[in-house]
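Participant: I'm passing along protein-v5.pdb; it holds PDB, C-alpha atoms.
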ATOM      1  CA  MET A   1      -0.683  30.945  -6.201
ATOM      2  CA  GLY A   2      -1.067  27.287  -5.339
ATOM      3  CA  LEU A   3       1.377  24.428  -5.196
ATOM      4  CA  ASN A   4       2.218  22.188  -8.115
ATOM      5  CA  ILE A   5       2.300  18.733  -6.529
ATOM      6  CA  LEU A   6       3.574  15.421  -7.887
ATOM      7  CA  VAL A   7       2.193  12.183  -6.397
ATOM      8  CA  VAL A   8       4.275   9.066  -7.131
ATOM      9  CA  ASP A   9       2.812   5.699  -6.110
ATOM     10  CA  ASP A  10       2.370   2.448  -8.031
ATOM     11  CA  SER A  11      -1.165   2.093  -6.651
ATOM     12  CA  LEU A  12      -3.721   4.145  -8.570
ATOM     13  CA  VAL A  13      -6.077   3.847  -5.603
ATOM     14  CA  MET A  14      -3.485   5.260  -3.195
ATOM     15  CA  ARG A  15      -2.662   8.111  -5.596
ATOM     16  CA  HIS A  16      -6.357   9.002  -5.680
ATOM     17  CA  MET A  17      -6.595   8.814  -1.890
ATOM     18  CA  ILE A  18      -3.622  11.157  -1.493
ATOM     19  CA  ILE A  19      -4.932  13.569  -4.123
ATOM     20  CA  LYS A  20      -8.390  13.592  -2.570
ATOM     21  CA  THR A  21      -6.861  14.293   0.827
ATOM     22  CA  LEU A  22      -4.820  17.166  -0.587
ATOM     23  CA  ARG A  23      -7.871  18.654  -2.296
ATOM     24  CA  LEU A  24     -10.008  18.411   0.850
ATOM     25  CA  SER A  25      -7.284  19.677   3.156
ATOM     26  CA  GLY A  26      -7.618  23.333   2.287
ATOM     27  CA  LEU A  27      -4.092  23.509   0.922
ATOM     28  CA  PRO A  28      -3.714  25.827  -2.067
ATOM     29  CA  VAL A  29      -3.196  23.293  -4.856
ATOM     30  CA  ASN A  30      -2.561  24.482  -8.397
ATOM     31  CA  GLU A  31      -1.515  21.521 -10.559
ATOM     32  CA  LEU A  32      -1.567  17.863  -9.520
ATOM     33  CA  HIS A  33       0.595  15.419 -11.437
ATOM     34  CA  GLN A  34       0.761  11.648 -11.028
ATOM     35  CA  ALA A  35       3.360   8.984 -11.710
ATOM     36  CA  SER A  36       3.296   5.249 -11.054
ATOM     37  CA  ASN A  37       7.027   4.745 -10.442
ATOM     38  CA  GLY A  38      10.208   6.676  -9.815
ATOM     39  CA  LEU A  39      11.204   6.898 -13.463
ATOM     40  CA  GLU A  40       7.864   8.388 -14.456
ATOM     41  CA  GLY A  41       8.195  10.704 -11.476
ATOM     42  CA  LEU A  42      11.575  12.006 -12.702
ATOM     43  CA  GLN A  43      10.119  12.527 -16.171
ATOM     44  CA  ALA A  44       7.243  14.534 -14.658
ATOM     45  CA  ILE A  45       9.750  16.692 -12.771
ATOM     46  CA  GLU A  46      11.627  17.357 -16.025
ATOM     47  CA  SER A  47       8.392  18.282 -17.830
ATOM     48  CA  HIS A  48       6.625  20.394 -15.193
ATOM     49  CA  TRP A  49       7.459  22.858 -12.480
ATOM     50  CA  ILE A  50       6.943  20.887  -9.265
ATOM     51  CA  ASP A  51       6.850  22.528  -5.813
ATOM     52  CA  LEU A  52       6.420  19.329  -3.815
ATOM     53  CA  ALA A  53       6.703  15.588  -4.458
ATOM     54  CA  LEU A  54       4.920  12.910  -2.449
ATOM     55  CA  VAL A  55       6.715   9.642  -3.093
ATOM     56  CA  ASP A  56       6.079   5.991  -2.212
ATOM     57  CA  LEU A  57       9.095   3.743  -1.591
ATOM     58  CA  ASN A  58       8.286   0.266  -2.888
ATOM     59  CA  MET A  59       7.551   0.655  -6.594
ATOM     60  CA  PRO A  60       8.460  -1.334  -9.714
ATOM     61  CA  ILE A  61      10.886  -0.068 -12.396
ATOM     62  CA  MET A  62      12.405   2.565 -10.090
ATOM     63  CA  ASP A  63      11.742   2.694  -6.357
ATOM     64  CA  GLY A  64      11.351   5.817  -4.271
ATOM     65  CA  GLU A  65      14.840   5.704  -2.789
ATOM     66  CA  GLU A  66      16.519   5.754  -6.195
ATOM     67  CA  MET A  67      14.198   8.501  -7.385
ATOM     68  CA  ILE A  68      15.004  10.631  -4.325
ATOM     69  CA  GLY A  69      18.727   9.984  -4.769
ATOM     70  CA  ARG A  70      18.580  11.199  -8.365
ATOM     71  CA  ILE A  71      16.577  14.278  -7.376
ATOM     72  CA  ARG A  72      19.122  15.160  -4.706
ATOM     73  CA  SER A  73      22.069  14.639  -7.055
ATOM     74  CA  ASN A  74      20.635  17.011  -9.667
ATOM     75  CA  PRO A  75      21.567  20.658  -8.925
ATOM     76  CA  GLU A  76      18.255  21.804 -10.435
ATOM     77  CA  THR A  77      16.146  19.685  -8.082
ATOM     78  CA  VAL A  78      18.425  19.238  -5.073
ATOM     79  CA  ASP A  79      16.169  21.410  -2.881
ATOM     80  CA  LEU A  80      12.806  20.012  -4.032
ATOM     81  CA  PRO A  81      10.607  19.363  -0.961
ATOM     82  CA  ILE A  82       9.841  15.629  -0.784
ATOM     83  CA  ILE A  83       7.475  13.738   1.478
ATOM     84  CA  VAL A  84       7.731   9.948   1.533
ATOM     85  CA  VAL A  85       4.270   8.379   1.976
ATOM     86  CA  SER A  86       4.804   4.715   2.733
ATOM     87  CA  SER A  87       3.916   1.812   4.995
ATOM     88  CA  GLU A  88       7.658   1.390   5.611
ATOM     89  CA  GLY A  89       8.287   0.625   9.266
ATOM     90  CA  SER A  90      12.078   0.376   9.358
ATOM     91  CA  GLU A  91      13.534   3.212  11.404
ATOM     92  CA  THR A  92      16.882   2.480   9.764
ATOM     93  CA  ARG A  93      15.489   3.080   6.287
ATOM     94  CA  ILE A  94      13.435   6.108   7.382
ATOM     95  CA  SER A  95      16.458   7.625   9.110
ATOM     96  CA  GLU A  96      18.564   7.269   5.952
ATOM     97  CA  LEU A  97      15.850   9.007   3.955
ATOM     98  CA  LYS A  98      15.534  11.837   6.459
ATOM     99  CA  LYS A  99      19.256  12.492   6.064
ATOM    100  CA  GLN A 100      18.379  13.464   2.496
ATOM    101  CA  GLY A 101      15.987  16.107   3.780
ATOM    102  CA  VAL A 102      12.706  14.295   3.237
ATOM    103  CA  GLU A 103       9.756  14.087   5.590
ATOM    104  CA  PHE A 104       7.918  10.844   6.236
ATOM    105  CA  VAL A 105       4.189  10.082   6.450
ATOM    106  CA  HIS A 106       3.254   6.564   7.469
ATOM    107  CA  LYS A 107       0.410   4.658   5.777
ATOM    108  CA  PRO A 108      -2.357   4.559   6.774
ATOM    109  CA  PHE A 109      -2.212   8.329   7.259
ATOM    110  CA  THR A 110      -4.627  10.921   8.575
ATOM    111  CA  PRO A 111      -5.607  13.869   6.371
ATOM    112  CA  GLU A 112      -4.493  16.191   9.161
ATOM    113  CA  GLY A 113      -1.125  14.461   9.435
ATOM    114  CA  LEU A 114      -0.509  14.711   5.705
ATOM    115  CA  ARG A 115      -1.681  18.317   5.550
ATOM    116  CA  GLN A 116       0.489  19.312   8.511
ATOM    117  CA  THR A 117       3.530  17.648   6.979
ATOM    118  CA  VAL A 118       2.922  19.471   3.692
ATOM    119  CA  PHE A 119       2.621  22.707   5.664
ATOM    120  CA  ASN A 120       5.855  21.987   7.526
ATOM    121  CA  MET A 121       7.708  21.247   4.287
ATOM    122  CA  THR A 122       6.417  24.150   2.232
ATOM    123  CA  GLY A 123       5.189  26.754   4.690
ATOM    124  CA  VAL A 124       1.999  26.854   2.618
ATOM    125  CA  GLY A 125      -1.418  26.421   4.271
ATOM    126  CA  ASP A 126      -3.165  27.929   7.256
ATOM    127  CA  GLY A 127      -2.013  25.197   9.650
ATOM    128  CA  ASP A 128      -5.230  25.126  11.697
ATOM    129  CA  ARG A 129      -7.700  22.935   9.789
ATOM    130  CA  SER A 130      -8.419  19.517  11.172
ATOM    131  CA  GLU A 131     -10.050  16.343   9.959
ATOM    132  CA  ASP A 132     -10.055  13.226  12.046
ATOM    133  CA  ARG A 133     -10.655  10.545   9.462
ATOM    134  CA  THR A 134      -7.720   8.235   9.006
ATOM    135  CA  LEU A 135      -6.764   7.118   5.515
TER     136      LEU A 135
ATOM    137  CA  MET B   1      10.636 -12.452  23.563
ATOM    138  CA  GLU B   2       8.034 -14.717  22.022
ATOM    139  CA  ILE B   3       6.082 -12.980  19.282
ATOM    140  CA  ASP B   4       2.420 -13.768  18.883
ATOM    141  CA  LEU B   5       2.349 -13.713  15.084
ATOM    142  CA  LYS B   6      -1.380 -14.249  14.890
ATOM    143  CA  THR B   7      -2.105 -11.294  17.168
ATOM    144  CA  GLU B   8       0.329  -9.021  15.317
ATOM    145  CA  LEU B   9      -1.153  -9.986  11.954
ATOM    146  CA  TYR B  10      -4.687  -9.598  13.251
ATOM    147  CA  ASN B  11      -3.994  -6.162  14.748
ATOM    148  CA  ALA B  12      -2.311  -4.907  11.575
ATOM    149  CA  ALA B  13      -5.213  -6.200   9.477
ATOM    150  CA  MET B  14      -7.857  -4.651  11.733
ATOM    151  CA  ARG B  15      -6.104  -1.255  11.728
ATOM    152  CA  THR B  16      -5.627  -1.274   7.974
ATOM    153  CA  PHE B  17      -9.145  -2.352   7.027
ATOM    154  CA  GLU B  18     -10.674   0.104   9.458
ATOM    155  CA  ASN B  19      -8.569   3.021   8.287
ATOM    156  CA  LEU B  20      -8.393   2.375   4.549
ATOM    157  CA  THR B  21     -11.789   0.852   3.764
ATOM    158  CA  MET B  22     -14.039   2.724   6.206
ATOM    159  CA  MET B  23     -15.514  -0.647   7.172
ATOM    160  CA  LEU B  24     -15.801  -1.941  10.704
ATOM    161  CA  PRO B  25     -13.810  -5.177  10.797
ATOM    162  CA  SER B  26     -14.916  -7.857  13.212
ATOM    163  CA  ASP B  27     -13.617 -11.128  14.617
ATOM    164  CA  VAL B  28     -17.132 -12.549  14.927
ATOM    165  CA  PHE B  29     -18.724 -14.066  11.795
ATOM    166  CA  ASP B  30     -22.318 -14.827  10.921
ATOM    167  CA  ASP B  31     -23.242 -17.790   8.700
ATOM    168  CA  LYS B  32     -23.084 -15.725   5.499
ATOM    169  CA  GLN B  33     -19.632 -14.390   6.303
ATOM    170  CA  GLU B  34     -18.432 -17.848   7.280
ATOM    171  CA  ALA B  35     -19.694 -19.369   4.020
ATOM    172  CA  ALA B  36     -18.402 -16.598   1.746
ATOM    173  CA  GLU B  37     -16.210 -17.915  -1.054
ATOM    174  CA  VAL B  38     -12.851 -16.513  -2.108
ATOM    175  CA  LYS B  39     -13.333 -13.882  -4.827
ATOM    176  CA  ALA B  40      -9.897 -12.335  -5.127
ATOM    177  CA  THR B  41      -6.438 -13.044  -3.750
ATOM    178  CA  VAL B  42      -3.180 -11.110  -3.827
ATOM    179  CA  THR B  43       0.244 -11.927  -2.481
ATOM    180  CA  LEU B  44       3.428  -9.994  -1.911
ATOM    181  CA  GLN B  45       6.866 -11.149  -0.904
ATOM    182  CA  PHE B  46       9.256  -9.640   1.592
ATOM    183  CA  THR B  47      13.020 -10.104   1.773
ATOM    184  CA  GLY B  48      15.691  -9.024   4.222
ATOM    185  CA  GLN B  49      16.282 -10.273   7.750
ATOM    186  CA  ILE B  50      13.426 -12.667   7.105
ATOM    187  CA  ARG B  51      11.953 -13.843   3.832
ATOM    188  CA  GLY B  52       8.405 -14.818   3.152
ATOM    189  CA  ARG B  53       5.102 -13.665   1.812
ATOM    190  CA  LEU B  54       1.704 -12.376   2.848
ATOM    191  CA  VAL B  55      -1.451 -13.626   1.134
ATOM    192  CA  VAL B  56      -4.721 -11.706   1.441
ATOM    193  CA  SER B  57      -7.996 -13.132   0.113
ATOM    194  CA  ILE B  58     -11.313 -11.336  -0.055
ATOM    195  CA  CYS B  59     -14.316 -13.625   0.397
ATOM    196  CA  GLY B  60     -17.818 -12.617  -0.645
ATOM    197  CA  ASP B  61     -18.873  -9.781  -2.929
ATOM    198  CA  ILE B  62     -17.292  -6.994  -0.928
ATOM    199  CA  LEU B  63     -14.256  -5.995  -2.991
ATOM    200  CA  PRO B  64     -16.252  -3.519  -5.155
ATOM    201  CA  GLU B  65     -17.440  -1.730  -2.008
ATOM    202  CA  ILE B  66     -13.959  -1.769  -0.499
ATOM    203  CA  ALA B  67     -12.489  -0.103  -3.587
ATOM    204  CA  GLU B  68     -15.402   2.327  -3.801
ATOM    205  CA  ASN B  69     -14.862   3.369  -0.183
ATOM    206  CA  MET B  70     -11.124   3.778  -0.632
ATOM    207  CA  LEU B  71     -11.659   6.039  -3.623
ATOM    208  CA  GLY B  72     -14.531   7.903  -1.963
ATOM    209  CA  GLU B  73     -16.694   7.435  -5.030
ATOM    210  CA  ASP B  74     -20.377   6.613  -5.460
ATOM    211  CA  SER B  75     -19.960   3.612  -7.742
ATOM    212  CA  PRO B  76     -17.508   0.739  -7.785
ATOM    213  CA  PRO B  77     -14.480   1.007 -10.071
ATOM    214  CA  ASP B  78     -13.562  -1.664 -12.605
ATOM    215  CA  THR B  79     -12.012  -4.981 -11.615
ATOM    216  CA  LYS B  80      -8.440  -3.840 -12.272
ATOM    217  CA  VAL B  81      -8.820  -0.948  -9.842
ATOM    218  CA  GLN B  82     -10.527  -3.211  -7.302
ATOM    219  CA  LEU B  83      -7.509  -5.513  -7.391
ATOM    220  CA  ASP B  84      -5.204  -2.512  -7.095
ATOM    221  CA  ALA B  85      -7.096  -1.550  -3.939
ATOM    222  CA  LEU B  86      -6.644  -5.067  -2.539
ATOM    223  CA  GLY B  87      -2.948  -4.947  -3.395
ATOM    224  CA  GLU B  88      -2.529  -1.666  -1.524
ATOM    225  CA  ILE B  89      -4.345  -3.088   1.500
ATOM    226  CA  ALA B  90      -1.957  -6.060   1.485
ATOM    227  CA  ASN B  91       1.009  -3.707   1.131
ATOM    228  CA  VAL B  92      -0.036  -1.596   4.116
ATOM    229  CA  ILE B  93      -0.766  -4.651   6.282
ATOM    230  CA  CYS B  94       2.621  -6.132   5.395
ATOM    231  CA  GLY B  95       4.444  -2.855   6.042
ATOM    232  CA  ASN B  96       2.805  -2.583   9.437
ATOM    233  CA  VAL B  97       3.211  -6.171  10.589
ATOM    234  CA  LEU B  98       6.868  -6.730   9.666
ATOM    235  CA  PRO B  99       8.353  -4.262  12.199
ATOM    236  CA  CYS B 100       6.323  -6.020  14.903
ATOM    237  CA  ILE B 101       8.072  -9.262  13.948
ATOM    238  CA  CYS B 102      11.610  -8.120  13.116
ATOM    239  CA  GLY B 103      11.921  -4.904  15.073
ATOM    240  CA  THR B 104      12.074  -1.404  13.646
ATOM    241  CA  ARG B 105      15.810  -1.505  12.890
ATOM    242  CA  ALA B 106      15.508  -4.343  10.378
ATOM    243  CA  VAL B 107      15.362  -3.378   6.709
ATOM    244  CA  LEU B 108      13.028  -5.451   4.556
ATOM    245  CA  ARG B 109      11.959  -5.014   0.965
ATOM    246  CA  ILE B 110       8.357  -5.652  -0.018
ATOM    247  CA  SER B 111       7.571  -6.644  -3.595
ATOM    248  CA  ALA B 112       4.719  -5.311  -5.689
ATOM    249  CA  PRO B 113       1.429  -7.152  -5.057
ATOM    250  CA  GLU B 114       0.641 -10.022  -7.401
ATOM    251  CA  VAL B 115      -2.845 -11.350  -8.117
ATOM    252  CA  LEU B 116      -3.200 -15.112  -7.619
ATOM    253  CA  GLU B 117      -5.571 -16.506 -10.237
ATOM    254  CA  ASN B 118      -5.572 -19.970  -8.643
ATOM    255  CA  PRO B 119      -4.924 -19.259  -4.977
ATOM    256  CA  THR B 120      -5.619 -22.785  -3.716
ATOM    257  CA  THR B 121      -3.010 -24.286  -6.017
ATOM    258  CA  ALA B 122      -0.515 -21.493  -5.418
ATOM    259  CA  MET B 123      -0.842 -21.616  -1.652
ATOM    260  CA  ARG B 124      -0.106 -25.349  -1.631
ATOM    261  CA  CYS B 125       3.334 -24.430  -2.952
ATOM    262  CA  PHE B 126       3.866 -21.853  -0.217
ATOM    263  CA  GLY B 127       3.759 -24.536   2.497
ATOM    264  CA  THR B 128       2.226 -24.098   5.918
ATOM    265  CA  PRO B 129       1.505 -20.543   7.029
ATOM    266  CA  ALA B 130       3.232 -19.322  10.173
ATOM    267  CA  ALA B 131       0.043 -17.453  11.037
ATOM    268  CA  SER B 132      -3.410 -17.030   9.562
ATOM    269  CA  VAL B 133      -6.334 -14.853  10.590
ATOM    270  CA  LYS B 134      -9.849 -14.116   9.391
ATOM    271  CA  VAL B 135     -11.429 -10.691   9.596
ATOM    272  CA  GLY B 136     -15.167 -10.131   9.145
ATOM    273  CA  LEU B 137     -16.062  -7.294   6.760
ATOM    274  CA  GLU B 138     -19.688  -6.362   5.999
ATOM    275  CA  GLU B 139     -21.197  -9.460   4.339
ATOM    276  CA  GLY B 140     -17.874 -11.118   3.652
ATOM    277  CA  ARG B 141     -14.479 -11.521   5.191
ATOM    278  CA  ALA B 142     -10.757 -11.275   4.549
ATOM    279  CA  ASP B 143      -8.445 -14.248   5.056
ATOM    280  CA  LEU B 144      -4.781 -13.524   5.677
ATOM    281  CA  TYR B 145      -1.858 -15.950   5.623
ATOM    282  CA  LEU B 146       1.711 -15.157   6.618
ATOM    283  CA  TYR B 147       4.451 -17.465   5.330
ATOM    284  CA  PHE B 148       8.152 -17.508   6.162
ATOM    285  CA  ASP B 149      10.974 -18.998   4.130
ATOM    286  CA  SER B 150      13.126 -19.099   7.277
ATOM    287  CA  ALA B 151      12.366 -19.414  10.974
ATOM    288  CA  ALA B 152      14.097 -16.178  12.047
ATOM    289  CA  THR B 153      11.292 -14.308  13.757
ATOM    290  CA  THR B 154      12.987 -12.554  16.632
ATOM    291  CA  LYS B 155      13.083  -8.842  17.216
ATOM    292  CA  GLU B 156      16.436  -7.084  17.049
ATOM    293  CA  GLN B 157      15.627  -4.808  19.938
TER     294      GLN B 157
END
Produce structure tokens that represent the structure in this file.
Facilitator:
Amino acid sequence: MGLNILVVDDSLVMRHMIIKTLRLSGLPVNELHQASNGLEGLQAIESHWIDLALVDLNMPIMDGEEMIGRIRSNPETVDLPIIVVSSEGSETRISELKKQGVEFVHKPFTPEGLRQTVFNMTGVGDGDRSEDRTL
Amino acid sequence: MEIDLKTELYNAAMRTFENLTMMLPSDVFDDKQEAAEVKATVTLQFTGQIRGRLVVSICGDILPEIAENMLGEDSPPDTKVQLDALGEIANVICGNVLPCICGTRAVLRISAPEVLENPTTAMRCFGTPAASVKVGLEEGRADLYLYFDSAATTKEQ
């Protein structure tokens, strides 16, 4: 059984790049859902069973930090594995996010880096595939 | 410590274009690249310890190929998606250059990218850029301009 993954990013191009990376990474992916901001992301979580969310930070309407805060304050989603995929470079901001149990992947990312982080968060995947191309 | 803004902006741009667009950016231009006209421009603002904006222009007919490469598709996407690709490039460059300027402990917010329909007019209002660089890409180039609203450009650490 594969993972149901939610990708939240205001850039359609970046969502496609992340989804393509996930599909090529060898990870067992079942359903892939997309959202273009935090509010849409929360709605997707209410509507579908999600095993993992990959979330950008800087988004209109609702940013990633607020979305993650709401996920963590909801008893039904408090343990949802979340990976922040962002160009954010502030260690202060990243550290605050990690306190909420999220992992961080910096843009531009490598397929191997993203795949390994997904593996670390979910325990799903064989952990030994490698691709060198950076995205 | 004195920060070489131009070098930091150039390095962030080179890394981002190389990694996101699968193109080999260059700092050497041929006549065609030099003469390429601006085809699309986006800007995004940042606020926090420092305030300002980054402007990224694509010159020459290379934006369709850039977007195509980013998506890994065989044909160029429509104009809206091409501009989305340019906005994401600007976002990643900005996210990577700001910690080099302010230090990694500073917290800055980056706005959503905005397309500039009349970049020449708009950029007159932005004042004089603190740094600008040009990056050669295939048969065109990217022009980048970094503006600050204040002069605070020192690292915290």
Participant: Within 10 Å of chain B, which residues of chain A show up? Give each one with its shortest atom-to-atom distance in Å (one decimal) and the two atoms involved, counting only C-alpha atoms, rows by chain then rising residue number, as CSV.
Facilitator:
residue,atom,partner,partner_atom,distance
A:Asp10,CA,B:Ala112,CA,8.4
A:Ser11,CA,B:Asp84,CA,6.1
A:Leu12,CA,B:Asp84,CA,7.0
A:Val13,CA,B:Ala85,CA,5.7
A:Met14,CA,B:Glu88,CA,7.2
A:Arg15,CA,B:Leu71,CA,9.4
A:His16,CA,B:Leu71,CA,6.4
A:Met17,CA,B:Leu71,CA,6.0
A:Ile18,CA,B:Leu71,CA,9.8
A:Lys20,CA,B:Leu71,CA,8.3
A:Leu57,CA,B:Ile110,CA,9.6
A:Asn58,CA,B:Ile110,CA,6.6
A:Met59,CA,B:Ala112,CA,6.7
A:Pro60,CA,B:Ala112,CA,6.8
A:Ser86,CA,B:Val92,CA,8.1
A:Ser87,CA,B:Gly95,CA,4.8
A:Glu88,CA,B:Gly95,CA,5.3
A:Gly89,CA,B:Pro99,CA,5.7
A:Ser90,CA,B:Thr104,CA,4.6
A:Glu91,CA,B:Thr104,CA,5.3
A:Thr92,CA,B:Arg105,CA,5.2
A:Arg93,CA,B:Val107,CA,6.5
A:Ile94,CA,B:Arg105,CA,9.7
A:Ser95,CA,B:Arg105,CA,9.9
A:His106,CA,B:Asn96,CA,9.4
A:Lys107,CA,B:Val92,CA,6.5
A:Pro108,CA,B:Asn19,CA,6.6
A:Phe109,CA,B:Asn19,CA,8.3
A:Thr110,CA,B:Asn19,CA,8.8
A:Arg133,CA,B:Asn19,CA,7.9
A:Thr134,CA,B:Asn19,CA,5.3
A:Leu135,CA,B:Leu20,CA,5.1
Participant: Distance atom CA of Ala142 of chain B-atom CA of Ile58 of chain B, one decimal place?
Facilitator: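 About the pair atom CA of Ala142 of chain B and atom CA of Ile58 of chain B: they are 4.6 Å apart.
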Participant: To one decimal place in Å, what is the distance between atom CA of Asp78 of chain B and atom CA of Thr41 of chain B?
Facilitator: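 Taking atom CA of Asp78 of chain B as the start and atom CA of Thr41 of chain B as the end point, the length is 16.1 Å.
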Participant: May I have the residues within 9 Å of segment 65-77 of chain A as a PyMOL selection string, using all atoms listed in the file and disregarding those fewer than 2 positions away in the same chain?
Facilitator: chain A and resi 37-39+41-42+45+55-58+62-63+79-80+82+97+100+102
Participant: Kindly give the distance, in Å, that separates atom CA of Val7 of chain A and atom CA of Thr21 of chain A, rounded to a single decimal.
Facilitator: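 About the pair atom CA of Val7 of chain A and atom CA of Thr21 of chain A: they are 11.8 Å apart.
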Participant: Using the chain letters and numbers from the file, give me the residues hit by the PyMOL selection byres ((chain A and resi 50-54) around 9), as a list in words.
Facilitator: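 The output of the PyMOL selection byres ((chain A and resi 50-54) around 9) on this file is Leu3, Asn4, Ile5, Leu6, Val7, Val8, Asp9, Ile18, Glu31, His33, Gly41, Ala44, Ile45, Glu46, His48, Trp49, Val55, Asp56, Leu80, Pro81, Ile82, Ile83, Val84, Val85, Val118, Met121 and Thr122 of chain A.
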Participant: Write to file, as an mmCIF file, in the frame of the given file, the residues of the selection just made, with C-alpha atoms.
Facilitator:
data_model
loop_
_atom_site.group_PDB
_atom_site.id
_atom_site.type_symbol
_atom_site.label_atom_id
_atom_site.label_comp_id
_atom_site.auth_asym_id
_atom_site.auth_seq_id
_atom_site.Cartn_x
_atom_site.Cartn_y
_atom_site.Cartn_z
ATOM 1 C CA LEU A 3 1.377 24.428 -5.196
ATOM 2 C CA ASN A 4 2.218 22.188 -8.115
ATOM 3 C CA ILE A 5 2.300 18.733 -6.529
ATOM 4 C CA LEU A 6 3.574 15.421 -7.887
ATOM 5 C CA VAL A 7 2.193 12.183 -6.397
ATOM 6 C CA VAL A 8 4.275 9.066 -7.131
ATOM 7 C CA ASP A 9 2.812 5.699 -6.110
ATOM 8 C CA ILE A 18 -3.622 11.157 -1.493
ATOM 9 C CA GLU A 31 -1.515 21.521 -10.559
ATOM 10 C CA HIS A 33 0.595 15.419 -11.437
ATOM 11 C CA GLY A 41 8.195 10.704 -11.476
ATOM 12 C CA ALA A 44 7.243 14.534 -14.658
ATOM 13 C CA ILE A 45 9.750 16.692 -12.771
ATOM 14 C CA GLU A 46 11.627 17.357 -16.025
ATOM 15 C CA HIS A 48 6.625 20.394 -15.193
ATOM 16 C CA TRP A 49 7.459 22.858 -12.480
ATOM 17 C CA VAL A 55 6.715 9.642 -3.093
ATOM 18 C CA ASP A 56 6.079 5.991 -2.212
ATOM 19 C CA LEU A 80 12.806 20.012 -4.032
ATOM 20 C CA PRO A 81 10.607 19.363 -0.961
ATOM 21 C CA ILE A 82 9.841 15.629 -0.784
ATOM 22 C CA ILE A 83 7.475 13.738 1.478
ATOM 23 C CA VAL A 84 7.731 9.948 1.533
ATOM 24 C CA VAL A 85 4.270 8.379 1.976
ATOM 25 C CA VAL A 118 2.922 19.471 3.692
ATOM 26 C CA MET A 121 7.708 21.247 4.287
ATOM 27 C CA THR A 122 6.417 24.150 2.232
#
Participant: Measuring atom to atom with only C-alpha atoms, identify which of B:Ser132, B:Asp143, B:Gly52, B:Thr79 is nearest to Val38 of chain B.
Facilitator: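 Closest to Val38 of chain B, using only C-alpha atoms: B:Asp143.
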Participant: Which residues are close to Asp30 of chain B, i.e. within 12 Å by only C-alpha atoms, leaving aside same-chain residues fewer than 6 positions away? Reply as a PyMOL selection string.
Facilitator: chain B and resi 36+135-141
Participant: Which one is closest to Leu144 of chain B: B:Met23, B:Ile66, B:Ala90, B:Val55? Count all atoms listed in the file.
Facilitator: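 When distances to Leu144 of chain B are compared using all atoms listed in the file, the smallest one comes from B:Val55.
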Participant: Using all atoms listed in the file, which residues sit within 9 Å of Thr7 of chain B once same-chain residues fewer than 5 positions away are excluded, as a VMD selection string?
Facilitator: chain B and resid 12 131 133
